[in-house]
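J.: So I've got this file, my_file18.csv, and it contains CSV, C-alpha atoms and all ligand atoms:
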```csv
chain,number,residue,atom,x,y,z
D,1,MET,CA,0.0,0.0,0.0
D,2,ARG,CA,1.0,3.6,-0.3
D,3,ALA,CA,1.8,5.6,2.9
D,4,VAL,CA,3.5,8.9,3.7
D,5,VAL,CA,6.7,8.3,5.7
D,6,VAL,CA,9.6,10.3,6.9
D,7,ARG,CA,13.1,8.8,6.6
D,8,THR,CA,15.1,11.9,7.1
D,9,PHE,CA,13.6,14.5,9.5
D,10,GLY,CA,13.2,18.0,8.2
D,11,GLY,CA,10.7,20.4,6.5
D,12,PRO,CA,7.6,19.5,4.5
D,13,GLU,CA,9.8,18.0,1.8
D,14,ALA,CA,10.8,15.3,4.3
D,15,LEU,CA,7.4,13.7,3.6
D,16,GLU,CA,7.6,11.0,1.0
D,17,VAL,CA,5.1,8.6,-0.4
D,18,ALA,CA,6.4,5.0,0.0
D,19,GLU,CA,5.2,1.5,-0.9
D,20,VAL,CA,5.0,-0.3,2.5
D,21,PRO,CA,3.5,-3.6,3.6
D,22,THR,CA,-0.3,-3.4,4.2
D,23,PRO,CA,-0.7,-3.8,8.0
D,24,VAL,CA,-2.5,-6.8,9.4
D,25,PRO,CA,-5.0,-6.3,12.3
D,26,GLY,CA,-4.1,-8.2,15.5
D,27,PRO,CA,-6.4,-9.3,18.3
D,28,GLY,CA,-8.9,-6.5,19.2
D,29,GLN,CA,-7.9,-4.5,16.1
D,30,VAL,CA,-9.6,-3.4,12.9
D,31,ARG,CA,-8.0,-2.3,9.7
D,32,VAL,CA,-9.5,0.8,8.1
D,33,ARG,CA,-9.3,1.7,4.4
D,34,VAL,CA,-8.5,5.3,5.0
D,35,ARG,CA,-10.7,7.9,3.1
D,36,ALA,CA,-9.4,11.0,4.9
D,37,ALA,CA,-6.7,11.8,7.4
D,38,ALA,CA,-6.5,15.0,9.3
D,39,VAL,CA,-3.3,17.1,9.2
D,40,ASN,CA,-2.6,18.2,12.8
D,41,PRO,CA,0.1,20.4,14.3
D,42,VAL,CA,1.6,17.3,16.0
D,43,ASP,CA,2.3,15.9,12.5
D,44,ALA,CA,4.8,18.7,11.8
D,45,PHE,CA,6.3,18.0,15.2
D,46,VAL,CA,6.8,14.4,14.2
D,47,ARG,CA,8.1,15.2,10.7
D,48,SER,CA,10.7,17.7,11.9
D,49,GLY,CA,12.2,15.1,14.3
D,50,LEU,CA,11.4,17.2,17.4
D,51,ALA,CA,9.0,14.4,18.7
D,52,THR,CA,11.9,11.9,18.5
D,53,GLN,CA,14.3,14.4,20.1
D,54,VAL,CA,12.0,14.9,23.1
D,55,GLY,CA,11.5,11.2,23.5
D,56,MET,CA,7.9,11.1,22.4
D,57,LEU,CA,8.7,8.8,19.5
D,58,PRO,CA,11.1,5.9,19.5
D,59,GLU,CA,14.1,6.0,17.1
D,60,ARG,CA,13.3,4.2,13.9
D,61,ASP,CA,14.4,4.2,10.3
D,62,SER,CA,11.0,5.2,8.9
D,63,VAL,CA,8.3,7.1,10.7
D,64,GLY,CA,4.6,7.3,9.8
D,65,VAL,CA,2.6,10.5,10.0
D,66,GLY,CA,-1.0,11.2,10.9
D,67,TRP,CA,-3.1,10.4,14.0
D,68,ASP,CA,-6.8,10.5,13.1
D,69,VAL,CA,-8.7,9.1,10.2
D,70,ALA,CA,-12.1,8.4,8.6
D,71,GLY,CA,-12.7,5.4,6.5
D,72,THR,CA,-14.2,1.9,6.1
D,73,VAL,CA,-13.4,-1.2,8.1
D,74,ASP,CA,-11.9,-3.7,5.6
D,75,ALA,CA,-10.6,-6.4,7.9
D,76,THR,CA,-11.0,-7.3,11.6
D,77,GLY,CA,-8.6,-9.2,13.9
D,78,PRO,CA,-9.7,-11.8,16.4
D,79,ASP,CA,-11.9,-10.8,19.3
D,80,VAL,CA,-13.3,-7.7,17.8
D,81,VAL,CA,-16.8,-6.9,19.0
D,82,GLY,CA,-19.0,-4.1,17.7
D,83,PHE,CA,-17.3,-3.5,14.3
D,84,ALA,CA,-17.6,-5.4,11.0
D,85,VAL,CA,-16.2,-5.2,7.5
D,86,GLY,CA,-17.9,-2.4,5.7
D,87,ASP,CA,-18.6,-0.2,8.7
D,88,GLU,CA,-17.9,3.5,8.2
D,89,VAL,CA,-15.8,4.6,11.1
D,90,ILE,CA,-13.5,7.3,12.5
D,91,GLY,CA,-10.6,6.7,14.9
D,92,LEU,CA,-7.4,7.7,16.4
D,93,SER,CA,-4.0,6.1,16.7
D,94,ASP,CA,-2.3,7.1,19.9
D,95,ARG,CA,0.3,4.4,19.5
D,96,LEU,CA,3.6,5.8,18.5
D,97,ASP,CA,5.5,2.5,18.0
D,98,ILE,CA,3.9,1.9,14.6
D,99,PRO,CA,5.7,2.4,11.3
D,100,VAL,CA,2.8,4.0,9.5
D,101,GLY,CA,0.3,6.7,10.5
D,102,GLY,CA,-3.0,8.0,9.2
D,103,TYR,CA,-1.6,9.4,5.9
D,104,ALA,CA,-1.9,5.9,4.3
D,105,GLU,CA,-4.2,3.8,2.3
D,106,TYR,CA,-4.8,1.5,5.3
D,107,LEU,CA,-4.4,2.0,9.1
D,108,VAL,CA,-4.8,-0.6,11.8
D,109,LEU,CA,-6.5,0.8,14.9
D,110,ASP,CA,-7.4,-0.7,18.3
D,111,ALA,CA,-11.1,-1.3,18.2
D,112,TYR,CA,-11.5,0.7,21.5
D,113,ALA,CA,-10.1,3.7,19.6
D,114,VAL,CA,-12.8,3.6,16.9
D,115,ALA,CA,-16.4,4.9,16.7
D,116,ARG,CA,-19.0,4.8,14.0
D,117,ALA,CA,-18.7,7.8,11.6
D,118,PRO,CA,-21.2,10.6,12.0
D,119,ARG,CA,-24.1,10.1,9.6
D,120,GLY,CA,-24.5,12.7,6.8
D,121,THR,CA,-20.9,13.9,7.3
D,122,SER,CA,-18.2,13.6,4.6
D,123,PRO,CA,-15.1,11.6,5.5
D,124,GLU,CA,-12.9,14.7,5.3
D,125,LEU,CA,-15.1,16.5,7.9
D,126,ALA,CA,-15.4,13.3,10.0
D,127,ALA,CA,-11.6,12.8,10.1
D,128,THR,CA,-11.1,16.1,11.9
D,129,LEU,CA,-13.0,14.9,14.9
D,130,PRO,CA,-11.1,12.3,16.9
D,131,LEU,CA,-7.9,14.0,17.9
D,132,ASN,CA,-9.1,17.5,18.5
D,133,ALA,CA,-12.6,17.0,19.8
D,134,LEU,CA,-11.4,14.3,22.2
D,135,THR,CA,-8.6,16.6,23.4
D,136,ALA,CA,-11.2,19.3,24.0
D,137,ALA,CA,-13.5,16.9,25.8
D,138,GLN,CA,-10.7,15.4,27.9
D,139,ALA,CA,-9.3,18.9,28.8
D,140,LEU,CA,-12.8,20.0,29.9
D,141,ASP,CA,-13.0,16.8,32.1
D,142,LEU,CA,-9.9,17.9,33.9
D,143,LEU,CA,-11.4,21.4,34.5
D,144,ASP,CA,-14.6,19.8,36.0
D,145,LEU,CA,-16.8,22.8,35.5
D,146,ARG,CA,-20.5,23.1,36.3
D,147,ALA,CA,-23.3,24.9,34.4
D,148,GLY,CA,-23.1,28.6,35.1
D,149,GLN,CA,-19.4,28.7,35.8
D,150,THR,CA,-17.0,30.7,33.5
D,151,LEU,CA,-14.3,29.5,31.2
D,152,LEU,CA,-11.7,31.3,29.1
D,153,VAL,CA,-10.7,29.5,25.9
D,154,THR,CA,-7.6,30.8,24.1
D,155,GLY,CA,-7.1,29.9,20.4
D,156,ALA,CA,-10.9,29.6,20.2
D,157,ALA,CA,-11.0,29.7,16.4
D,158,GLY,CA,-8.6,26.7,16.2
D,159,ALA,CA,-9.6,23.0,16.1
D,160,VAL,CA,-9.2,22.2,19.8
D,161,GLY,CA,-10.4,25.6,20.9
D,162,GLY,CA,-13.4,25.7,18.6
D,163,TYR,CA,-14.6,22.2,19.8
D,164,ALA,CA,-13.9,23.3,23.4
D,165,VAL,CA,-16.2,26.4,23.0
D,166,GLN,CA,-19.0,24.3,21.6
D,167,LEU,CA,-18.7,21.5,24.2
D,168,ALA,CA,-18.5,23.9,27.2
D,169,THR,CA,-21.4,26.1,26.1
D,170,GLY,CA,-23.4,23.0,25.4
D,171,GLU,CA,-23.0,22.2,29.1
D,172,GLY,CA,-24.2,25.6,30.2
D,173,VAL,CA,-20.7,27.1,30.9
D,174,ARG,CA,-20.3,30.8,30.1
D,175,VAL,CA,-17.3,31.0,27.7
D,176,ILE,CA,-15.1,34.0,27.2
D,177,ALA,CA,-13.1,33.4,24.0
D,178,THR,CA,-10.0,34.9,22.6
D,179,ALA,CA,-8.9,34.6,19.0
D,180,ASP,CA,-7.9,36.9,16.1
D,181,ALA,CA,-10.2,40.0,15.8
D,182,ALA,CA,-11.4,38.6,12.4
D,183,ASP,CA,-12.6,35.5,14.1
D,184,GLU,CA,-15.2,37.1,16.4
D,185,ARG,CA,-18.2,36.1,14.3
D,186,LEU,CA,-17.1,32.5,14.0
D,187,VAL,CA,-16.3,32.2,17.7
D,188,ARG,CA,-19.6,33.7,18.8
D,189,THR,CA,-21.4,31.3,16.4
D,190,LEU,CA,-19.7,28.5,18.2
D,191,GLY,CA,-21.3,29.7,21.4
D,192,ALA,CA,-18.9,32.1,23.1
D,193,THR,CA,-20.8,34.9,24.9
D,194,GLU,CA,-17.8,37.2,25.3
D,195,PHE,CA,-15.0,37.8,22.8
D,196,LEU,CA,-11.6,39.3,23.3
D,197,PRO,CA,-9.3,39.9,20.3
D,198,ARG,CA,-5.8,38.6,20.8
D,199,GLY,CA,-3.3,41.3,21.7
D,200,VAL,CA,-5.5,42.9,24.4
D,201,GLU,CA,-4.5,42.9,28.1
D,202,LEU,CA,-6.2,39.6,28.6
D,203,SER,CA,-6.1,39.3,32.4
D,204,ALA,CA,-7.5,42.8,33.0
D,205,ARG,CA,-10.2,42.5,30.4
D,206,VAL,CA,-11.3,39.1,31.7
D,207,ARG,CA,-11.4,40.3,35.2
D,208,ALA,CA,-13.5,43.2,34.2
D,209,LEU,CA,-16.0,40.8,32.6
D,210,VAL,CA,-16.0,38.5,35.7
D,211,PRO,CA,-15.5,40.9,38.6
D,212,GLY,CA,-15.8,38.4,41.5
D,213,GLY,CA,-17.5,39.2,44.8
D,214,ALA,CA,-17.1,39.2,48.5
D,215,ASP,CA,-16.3,35.5,48.7
D,216,ARG,CA,-13.9,35.2,45.8
D,217,ASP,CA,-11.5,37.3,43.7
D,218,SER,CA,-12.1,38.2,40.1
D,219,GLY,CA,-11.4,36.1,37.0
D,220,VAL,CA,-12.8,33.0,35.3
D,221,ASP,CA,-13.3,29.7,37.1
D,222,ALA,CA,-11.0,28.0,34.6
D,223,ALA,CA,-9.0,28.5,31.4
D,224,LEU,CA,-8.4,26.1,28.5
D,225,ASP,CA,-5.2,27.3,26.8
D,226,ALA,CA,-5.4,25.9,23.3
D,227,ALA,CA,-3.2,28.8,22.0
D,228,VAL,CA,-0.5,27.9,24.5
D,229,ILE,CA,-0.1,31.4,25.9
D,230,GLY,CA,0.6,30.1,29.4
D,231,VAL,CA,0.8,32.5,32.3
D,232,ARG,CA,-1.1,35.2,30.4
D,233,ALA,CA,-4.2,32.9,30.4
D,234,LEU,CA,-3.5,31.7,33.9
D,235,ASP,CA,-3.5,35.3,35.2
D,236,ALA,CA,-7.2,35.5,34.1
D,237,VAL,CA,-8.2,32.7,36.4
D,238,ARG,CA,-9.5,33.3,39.9
D,239,GLY,CA,-7.7,32.0,42.9
D,240,GLY,CA,-8.4,28.3,43.4
D,241,GLY,CA,-9.6,27.9,39.8
D,242,ALA,CA,-8.3,25.5,37.2
D,243,PHE,CA,-6.1,25.7,34.1
D,244,VAL,CA,-5.3,23.2,31.4
D,245,THR,CA,-2.7,23.5,28.7
D,246,VAL,CA,-2.5,21.3,25.6
D,247,ARG,CA,1.3,21.2,25.5
D,248,GLY,CA,3.3,19.1,27.9
D,249,GLY,CA,6.2,21.1,29.4
D,250,ALA,CA,4.4,24.5,28.8
D,251,GLU,CA,2.5,24.4,32.2
D,252,PRO,CA,2.7,27.7,34.0
D,253,PRO,CA,3.2,27.6,37.8
D,254,PRO,CA,0.2,26.8,39.9
D,255,LEU,CA,-0.1,30.3,41.4
D,256,ARG,CA,-2.9,31.3,43.8
D,257,GLY,CA,-3.9,27.7,44.4
D,258,ILE,CA,-4.9,27.2,40.8
D,259,ARG,CA,-5.0,23.5,39.7
D,260,VAL,CA,-2.8,23.3,36.6
D,261,HIS,CA,-3.2,20.4,34.3
D,262,ASN,CA,-1.7,19.2,31.0
D,263,VAL,CA,-4.1,17.2,28.8
D,264,TRP,CA,-2.7,14.3,26.8
D,265,ILE,CA,-5.1,12.8,24.3
D,266,ARG,CA,-6.3,9.3,25.1
D,267,ALA,CA,-8.0,7.2,22.4
D,268,ASP,CA,-11.5,6.5,23.6
D,269,GLY,CA,-14.0,5.1,21.2
D,270,ARG,CA,-16.9,5.3,23.6
D,271,ARG,CA,-16.3,9.0,24.2
D,272,LEU,CA,-15.8,9.5,20.5
D,273,ALA,CA,-19.2,8.0,19.9
D,274,GLU,CA,-20.8,10.6,22.2
D,275,LEU,CA,-19.0,13.3,20.2
D,276,VAL,CA,-20.3,11.8,16.9
D,277,GLY,CA,-23.8,12.1,18.4
D,278,LEU,CA,-23.1,15.8,19.0
D,279,VAL,CA,-22.0,16.2,15.3
D,280,GLU,CA,-25.2,14.5,14.1
D,281,THR,CA,-27.4,16.9,16.2
D,282,GLY,CA,-25.4,19.9,15.0
D,283,ARG,CA,-23.9,20.7,18.4
D,284,LEU,CA,-20.3,20.1,17.3
D,285,THR,CA,-19.1,21.4,14.0
D,286,PRO,CA,-16.1,19.9,12.2
D,287,ARG,CA,-14.4,22.4,9.8
D,288,VAL,CA,-12.2,21.7,6.9
D,289,ALA,CA,-10.0,24.3,5.2
D,290,GLU,CA,-8.6,22.4,2.3
D,291,THR,CA,-8.0,18.8,1.1
D,292,PHE,CA,-4.9,17.4,-0.6
D,293,PRO,CA,-4.3,14.0,-2.3
D,294,LEU,CA,-1.8,11.8,-0.5
D,295,GLU,CA,1.0,12.8,-3.0
D,296,LYS,CA,0.6,16.4,-2.0
D,297,ALA,CA,1.0,15.9,1.8
D,298,ALA,CA,4.1,18.1,1.7
D,299,GLU,CA,2.1,20.9,0.2
D,300,ALA,CA,-0.4,20.5,3.1
D,301,HIS,CA,2.4,20.8,5.6
D,302,ARG,CA,3.6,24.0,3.9
D,303,ARG,CA,0.1,25.4,4.1
D,304,LEU,CA,0.0,24.3,7.8
D,305,ALA,CA,3.2,26.2,8.5
D,306,GLU,CA,1.8,29.4,7.1
D,307,GLY,CA,-0.8,29.5,9.9
D,308,GLY,CA,-4.0,31.4,9.9
D,309,LEU,CA,-6.1,28.4,8.9
D,310,ARG,CA,-9.7,28.2,10.0
D,311,GLY,CA,-10.5,24.6,9.6
D,312,ARG,CA,-8.3,21.5,9.3
D,313,LEU,CA,-6.3,20.5,6.3
D,314,VAL,CA,-7.1,16.9,5.3
D,315,VAL,CA,-5.1,14.4,3.2
D,316,LEU,CA,-7.2,12.0,1.0
D,317,PRO,CA,-5.3,8.7,0.5
D,401,LIG,N1,-2.0,17.5,24.2
D,401,LIG,C1,-2.7,16.9,23.3
D,401,LIG,O1,-3.1,15.8,23.5
D,401,LIG,C2,-3.0,17.7,22.1
D,401,LIG,C3,-4.0,17.2,21.2
D,401,LIG,C4,-4.3,18.0,20.1
D,401,LIG,C5,-3.7,19.3,19.9
D,401,LIG,N2,-2.7,19.7,20.8
D,401,LIG,C6,-2.1,21.0,20.7
D,401,LIG,O2,-3.1,22.0,20.8
D,401,LIG,C7,-2.7,23.2,20.2
D,401,LIG,C8,-3.8,23.7,19.3
D,401,LIG,O3,-4.1,22.7,18.3
D,401,LIG,P1,-5.1,23.1,17.2
D,401,LIG,O4,-5.1,21.9,16.3
D,401,LIG,O5,-6.3,23.6,17.7
D,401,LIG,O6,-4.3,24.3,16.4
D,401,LIG,P2,-4.9,25.4,15.5
D,401,LIG,O7,-6.1,24.8,14.8
D,401,LIG,O8,-3.8,26.0,14.7
D,401,LIG,O9,-5.5,26.5,16.6
D,401,LIG,C9,-4.6,27.3,17.3
D,401,LIG,C10,-5.3,28.7,17.2
D,401,LIG,O10,-4.8,29.6,18.2
D,401,LIG,C11,-4.7,30.8,17.5
D,401,LIG,N3,-3.8,31.7,18.3
D,401,LIG,C12,-2.4,31.7,18.3
D,401,LIG,N4,-1.9,32.6,19.2
D,401,LIG,C13,-3.0,33.1,19.8
D,401,LIG,C14,-3.2,34.1,20.8
D,401,LIG,N5,-2.2,34.8,21.3
D,401,LIG,N6,-4.5,34.4,21.1
D,401,LIG,C15,-5.5,33.8,20.6
D,401,LIG,N7,-5.4,32.9,19.6
D,401,LIG,C16,-4.2,32.6,19.2
D,401,LIG,C17,-4.2,30.5,16.1
D,401,LIG,O11,-4.4,31.5,15.2
D,401,LIG,P3,-3.5,31.7,13.9
D,401,LIG,O12,-3.7,30.4,13.1
D,401,LIG,O13,-3.9,32.9,13.3
D,401,LIG,O14,-2.1,31.8,14.5
D,401,LIG,C18,-5.2,29.3,15.9
D,401,LIG,O15,-6.5,29.8,15.5
D,401,LIG,C19,-1.4,22.8,19.3
D,401,LIG,O16,-0.3,23.2,20.1
D,401,LIG,C20,-1.5,21.3,19.3
D,401,LIG,O17,-0.2,20.7,19.1
D,401,LIG,C21,-2.4,18.9,21.9
```
What would you get if you wrote out this structure as structure tokens?

T.:
Amino acid sequence: MRAVVVRTFGGPEALEVAEVPTPVPGPGQVRVRVRAAAVNPVDAFVRSGLATQVGMLPERDSVGVGWDVAGTVDATGPDVVGFAVGDEVIGLSDRLDIPVGGYAEYLVLDAYAVARAPRGTSPELAATLPLNALTAAQALDLLDLRAGQTLLVTGAAGAVGGYAVQLATGEGVRVIATADAADERLVRTLGATEFLPRGVELSARVRALVPGGADRDSGVDAALDAAVIGVRALDAVRGGGAFVTVRGGAEPPPLRGIRVHNVWIRADGRRLAELVGLVETGRLTPRVAETFPLEKAAEAHRRLAEGGLRGRLVVLP
């Protein structure tokens, strides 16, 4: 089969299409004929070699790229329950010790990492769900907010941030979002009640919106820092609140008794199935900026590096 691999780490040109053995599903695994694979920031991290440098990936001669996919189950291993050949699915590979990733014609996934694809949604839109919507959901779990509480979401126009805004507001949380000034309408459409353009004095502006009271200081109950701005987002959280970053090693100090977390994506097919339900009822909106054939994966990475995307890039194997 054809798959995108990296043999020599570097820029987008390091991505090459290679002929590799078609993977065989083992016990509890399904093989997916990939229709669409999302292009995520972590893919550039893997391609550049930084993921290997920091010990996130084992040293190997050839590294696969891509974490989440949409496609059709074309083979099942022993002991697979709940999925059969022909099922339209989405899923996430959070195993790093495999030689191919999602930018490939076939991908073997653990059945527990797979969910039925959302009905009425194209494979390219569906492929953008697993990594980023699960990360947003798992980050919100760490924050443990109740309806009526307040949340600051940074990078709210991005993939993780956008899903976080929708998931939080869907649970009755009041969301203050920050993104580029041009994103205000988008972010409000996702459900944010307050919008602050990037570049403003974030902590002061958030505190003015959530002034506190006799029993607590000002600031939001929690922040989800999808733009990785660190202490500037933490400073907008009230004492004793909660903060979650999406980048390990970028945690600000737990000042003023704030619980500081780092979310790490965990494949979870059951949770993913709940998120699929939210897509089907219009409460979660996958967004695609552009699609590329497998051979043009390097072009997709060049586009990713330019930034300013509003929607995911997707590779179509
Ligand atoms: N830990 C995990 O398990 C996990 C899982 C998934 C993703 N992640 C990480 O999460 C981060 C976000 O991923 P993503 O896919 O959502 O990226 P994305 O789609 O590029 O979104 C990031 C957004 O933040 C915006 N931004 C940058 N600086 C900002 C600022 N100062 N204020 C407000 N907005 C700002 C960006 O705007 P511009 O495009 O205009 O710069 C972009 O809209 C990445 O670092 C990714 O690696 C971690």

J.: What residues of the protein or nucleic acid chains come within 6 Å of ligand LIG 401 (chain D) when you use only C-alpha atoms and all ligand atoms? Reply as a list in words.

T.: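 Taking only C-alpha atoms and all ligand atoms into account, the residues around ligand LIG 401 (chain D) at most 6 Å away are Asn40, Pro41, Val42, Leu131, Asn132, Thr135, Thr154, Gly155, Ala157, Gly158, Ala159, Val160, Gly161, Thr178, Ala179, Asp180, Arg198, Ala226, Ala227, Val246, Arg247, Val263, Trp264, Ile265, Gly307, Gly308 and Leu309 of chain D.
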
J.: Within 10 Å of range 83-95 of chain D, which residues of range 44-73 of chain D come that close, and what is the closest atom pair and distance in Å for each? Count all atoms listed in the file and give it as a tab-separated table.

T.:
```
residue	atom	partner	partner_atom	distance
D:Leu57	CA	D:Arg95	CA	9.5
D:Gly66	CA	D:Ser93	CA	8.3
D:Trp67	CA	D:Ser93	CA	5.2
D:Asp68	CA	D:Leu92	CA	4.4
D:Val69	CA	D:Gly91	CA	5.6
D:Ala70	CA	D:Ile90	CA	4.3
D:Gly71	CA	D:Val89	CA	5.6
D:Thr72	CA	D:Glu88	CA	4.5
D:Val73	CA	D:Val85	CA	4.9
```

J.: Out of D:Pro27, D:Gly282, D:Gly248, D:Pro293, which residue has the shortest atom-to-atom distance to Val54 in chain D when counting all atoms listed in the file?

T.: D:Gly248

J.: List the neighbours of range 14-17 of chain D out to 12 Å using only C-alpha atoms; skip same-chain residues closer than 4 positions along the sequence, and give me the result as a PyMOL selection string.

T.: chain D and resi 1-10+43-44+46-49+62-66+100+103-105+293-302+317

J.: In Å, how far is it from CA of Leu272 in chain D to CA of Leu129 in chain D?

T.: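 Between CA of Leu272 in chain D and CA of Leu129 in chain D the gap works out to 8.3 Å.
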
J.: Using all atoms listed in the file, which residue out of D:Ala51, D:Val260, D:Val39, D:Val206 lies closest to Arg303 in chain D?

T.: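 Between D:Ala51, D:Val260, D:Val39, D:Val206, the residue approaching Arg303 in chain D most closely is D:Val39.
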
J.: Using only C-alpha atoms, which residue out of D:Gly120, D:Gly77, D:Pro99, D:Asp110 lies closest to Val279 in chain D?

T.: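 Ranked by minimum distance to Val279 in chain D, first place goes to D:Gly120.
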
J.: Between CA of Arg238 in chain D and CA of Val175 in chain D, what distance in Å does the model show, to one decimal?

T.: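 We find that CA of Arg238 in chain D and CA of Val175 in chain D lie 14.7 Å from each other.
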
J.: Using only C-alpha atoms, which of D:Val288, D:Leu234, D:Leu304, D:Ala147 sits nearest Ala36 in chain D?

T.: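 Among D:Val288, D:Leu234, D:Leu304, D:Ala147, it is D:Val288 that comes nearest to Ala36 in chain D.
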
J.: D:Pro78, D:Pro253, D:Pro23, D:Pro130: which is nearest Arg270 in chain D, counting only C-alpha atoms?

T.: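 Going through D:Pro78, D:Pro253, D:Pro23, D:Pro130 one by one, the smallest distance to Arg270 in chain D is for D:Pro130.
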
J.: Could you check which of D:Glu201, D:Asp97, D:Glu124, D:Asp221 is closest to Gly148 in chain D, using all atoms listed in the file?

T.: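 Smallest separation from Gly148 in chain D among the options: D:Asp221.
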
J.: Tell me which residues come within 9 Å of (-11.6, 39.1, 32.8), as a PyMOL selection string, counting all atoms listed in the file in the file's coordinates.

T.: chain D and resi 152+176+202-211+218-220+236-237

J.: Mind pulling up the distance from CA of Gln166 in chain D to CA of Gly101 in chain D?

T.: 28.4 Å

J.: Can you list, as a list of chain:residue names, every protein, DNA or RNA residue that comes within 12 Å of Gly26 in chain D when you count only C-alpha atoms, leaving out same-chain residues fewer than 6 positions away?

T.: D:Ala75, D:Thr76, D:Gly77, D:Pro78, D:Asp79, D:Val80, D:Val108, D:Leu109, D:Asp110, D:Ala111

J.: Go ahead and save the residues from that selection, with C-alpha atoms, as an mmCIF file, in the frame of the given file.

T.:
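So the final result, stored in part_30.cif, reads:
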```
data_model
loop_
_atom_site.group_PDB
_atom_site.id
_atom_site.type_symbol
_atom_site.label_atom_id
_atom_site.label_comp_id
_atom_site.auth_asym_id
_atom_site.auth_seq_id
_atom_site.Cartn_x
_atom_site.Cartn_y
_atom_site.Cartn_z
ATOM 1 C CA ALA D 75 -10.600 -6.400 7.900
ATOM 2 C CA THR D 76 -11.000 -7.300 11.600
ATOM 3 C CA GLY D 77 -8.600 -9.200 13.900
ATOM 4 C CA PRO D 78 -9.700 -11.800 16.400
ATOM 5 C CA ASP D 79 -11.900 -10.800 19.300
ATOM 6 C CA VAL D 80 -13.300 -7.700 17.800
ATOM 7 C CA VAL D 108 -4.800 -0.600 11.800
ATOM 8 C CA LEU D 109 -6.500 0.800 14.900
ATOM 9 C CA ASP D 110 -7.400 -0.700 18.300
ATOM 10 C CA ALA D 111 -11.100 -1.300 18.200
#
```

J.: Taking (-9.8, 40.2, 16.4) in the file's coordinates as the center, which residues reach within 10 Å of it, counting all atoms listed in the file, put as a list in words?

T.: Thr178, Ala179, Asp180, Ala181, Ala182, Asp183, Glu184, Arg185, Phe195, Leu196, Pro197, Arg198, Gly199 and Val200 of chain D

J.: Reconstruct all heavy atoms of range 79-83 of chain D; output as an mmCIF file, in the frame of the given file.

T.:
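This went into selection_14.cif:
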```
data_model
loop_
_atom_site.group_PDB
_atom_site.id
_atom_site.type_symbol
_atom_site.label_atom_id
_atom_site.label_comp_id
_atom_site.auth_asym_id
_atom_site.auth_seq_id
_atom_site.Cartn_x
_atom_site.Cartn_y
_atom_site.Cartn_z
ATOM 1 N N ASP D 79 -11.306 -11.445 18.077
ATOM 2 C CA ASP D 79 -11.900 -10.800 19.300
ATOM 3 C C ASP D 79 -12.373 -9.419 19.128
ATOM 4 O O ASP D 79 -12.417 -8.667 20.108
ATOM 5 C CB ASP D 79 -10.863 -10.863 20.469
ATOM 6 C CG ASP D 79 -10.268 -12.236 20.695
ATOM 7 O OD1 ASP D 79 -11.001 -13.225 20.490
ATOM 8 O OD2 ASP D 79 -9.066 -12.318 21.042
ATOM 9 N N VAL D 80 -12.709 -9.015 17.923
ATOM 10 C CA VAL D 80 -13.300 -7.700 17.800
ATOM 11 C C VAL D 80 -14.782 -7.746 17.907
ATOM 12 O O VAL D 80 -15.437 -8.530 17.222
ATOM 13 C CB VAL D 80 -12.891 -7.063 16.394
ATOM 14 C CG1 VAL D 80 -13.708 -5.795 16.111
ATOM 15 C CG2 VAL D 80 -11.405 -6.742 16.356
ATOM 16 N N VAL D 81 -15.308 -6.947 18.811
ATOM 17 C CA VAL D 81 -16.800 -6.900 19.000
ATOM 18 C C VAL D 81 -17.231 -5.516 18.653
ATOM 19 O O VAL D 81 -16.582 -4.527 18.989
ATOM 20 C CB VAL D 81 -17.080 -7.179 20.530
ATOM 21 C CG1 VAL D 81 -18.577 -7.185 20.767
ATOM 22 C CG2 VAL D 81 -16.434 -8.469 20.986
ATOM 23 N N GLY D 82 -18.345 -5.438 17.942
ATOM 24 C CA GLY D 82 -19.000 -4.100 17.700
ATOM 25 C C GLY D 82 -18.626 -3.511 16.343
ATOM 26 O O GLY D 82 -19.246 -2.539 15.937
ATOM 27 N N PHE D 83 -17.629 -4.049 15.631
ATOM 28 C CA PHE D 83 -17.300 -3.500 14.300
ATOM 29 C C PHE D 83 -17.187 -4.669 13.316
ATOM 30 O O PHE D 83 -16.710 -5.754 13.662
ATOM 31 C CB PHE D 83 -16.009 -2.715 14.322
ATOM 32 C CG PHE D 83 -16.098 -1.470 15.157
ATOM 33 C CD1 PHE D 83 -15.551 -1.439 16.435
ATOM 34 C CD2 PHE D 83 -16.774 -0.348 14.692
ATOM 35 C CE1 PHE D 83 -15.669 -0.302 17.218
ATOM 36 C CE2 PHE D 83 -16.893 0.787 15.472
ATOM 37 C CZ PHE D 83 -16.340 0.808 16.742
#
```
